[in-house]
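Below is one structure; the comments refer to it alone.
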Amino acid sequence: MATAKNKSAKAATEATAATKSALNSIQENVSERASAAREQITTSVETVRETGTKTAGAAVDFGKAYYSGLSVLGQTIWGFGQEVYGEVTNHAQKTMQAKSLSDVASLQAAFVQTRIETSAAHSKEFIDVAREETEKTMKPIIELLDGKRAA
């Protein structure tokens with residue numbers, strides 16, 4: 001009977017040791033997986049944070065460039081307006097000083113021709129300025145989309 005008890009105790013001890021070993025193995029496996037998951041989540045959060053920073057920076061730079069571009073376009077149009085105002089004022093003064101109807105017609109024809117030529121030049125200049133400012137405005141967004149924007 002003592003041998004059966006010894007065998008039973010030995011079997012119980014071996015089972016307990018095997019259970020402890022299995023539990024330790026499971027615990028290590030769970031710890032390793034939890035550590036790997038934590039690392040993956042940390043990396044993902046950092047990627048999201050970095051992407052958010054880049055996107056926010058690009059949005060701020062875009063807004064600044066947009067405002068600057070509108071200001072430049074406004075100043076360009078204002079300059080055109082001042083130039084036209086000066087031409088119209090000068091034309092009105094010359095017209096009032098005209099001695100005959102043929103002089104008025106000649107002044108009017110010259111004024112119309114000058115206005116057409118100047119308007120064409122203004123249009124070209126405005127388009128050039130608008131294109132340049134659009135390129136400046138879009139640069140932060142293009143850099144972000146091309147992956148060339150630093151955080």
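Chain lettering (A, B, ...) mirrors the order of the structure tokens, residue numbering begins at 1 for each chain separately, and ligand numbering begins at 1 in order of display.
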Contacts of Glu133 in chain A at 8 Å or less, counting only C-alpha atoms, minus same-chain residues fewer than 2 places along, as a PyMOL selection string?
-> chain A and resi 65-66+69+72+129-131+135-137
What gap, in Å, lies between CA of Leu145 in chain A and CA of Asp61 in chain A?
->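 Between CA of Leu145 in chain A and CA of Asp61 in chain A the gap is 14.1 Å.
When CA of Arg49 in chain A is paired with CA of Glu143 in chain A, their separation reads 17.9 Å.
Rounded to one decimal, CA of Phe111 in chain A and CA of Glu87 in chain A lie 8.3 Å from each other.
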Counting only C-alpha atoms, the residue of A:Ala58, A:Ala110, A:Ile127, A:Ala98 that sits nearest Ile77 in chain A =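 For Ile77 in chain A, the nearest of the given residues is A:Ile127.
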Closest of A:Leu144, A:Thr134, A:Thr19, A:Gln82 to Tyr67 in chain A, counting only C-alpha atoms, is A:Thr134
Residue contacts of Phe80 in chain A (10 Å, only C-alpha atoms) excluding same-chain residues fewer than 4 positions away, as a list of chain:residue names = A:Gly74, A:Gln75, A:Thr76, A:Val84, A:Tyr85, A:Gly86, A:Thr118, A:Ser119, A:His122, A:Ser123, A:Phe126
Selection to disk with C-alpha atoms, as a PDB file, in the first residue's frame:
```
ATOM      1  CA  GLY A  74      -5.901  91.997 -54.279  1.00  0.00           C
ATOM      2  CA  GLN A  75      -2.875  94.279 -54.397  1.00  0.00           C
ATOM      3  CA  THR A  76      -2.430  93.496 -58.087  1.00  0.00           C
ATOM      4  CA  VAL A  84      -7.043 102.861 -64.783  1.00  0.00           C
ATOM      5  CA  TYR A  85      -8.276 105.668 -62.533  1.00  0.00           C
ATOM      6  CA  GLY A  86      -5.259 107.781 -63.498  1.00  0.00           C
ATOM      7  CA  THR A 118      -3.563  97.848 -71.123  1.00  0.00           C
ATOM      8  CA  SER A 119      -6.404  95.473 -70.231  1.00  0.00           C
ATOM      9  CA  HIS A 122      -3.259  93.427 -67.061  1.00  0.00           C
ATOM     10  CA  SER A 123      -5.012  90.144 -67.844  1.00  0.00           C
ATOM     11  CA  PHE A 126      -2.979  88.784 -63.369  1.00  0.00           C
TER      12      PHE A 126
END
```
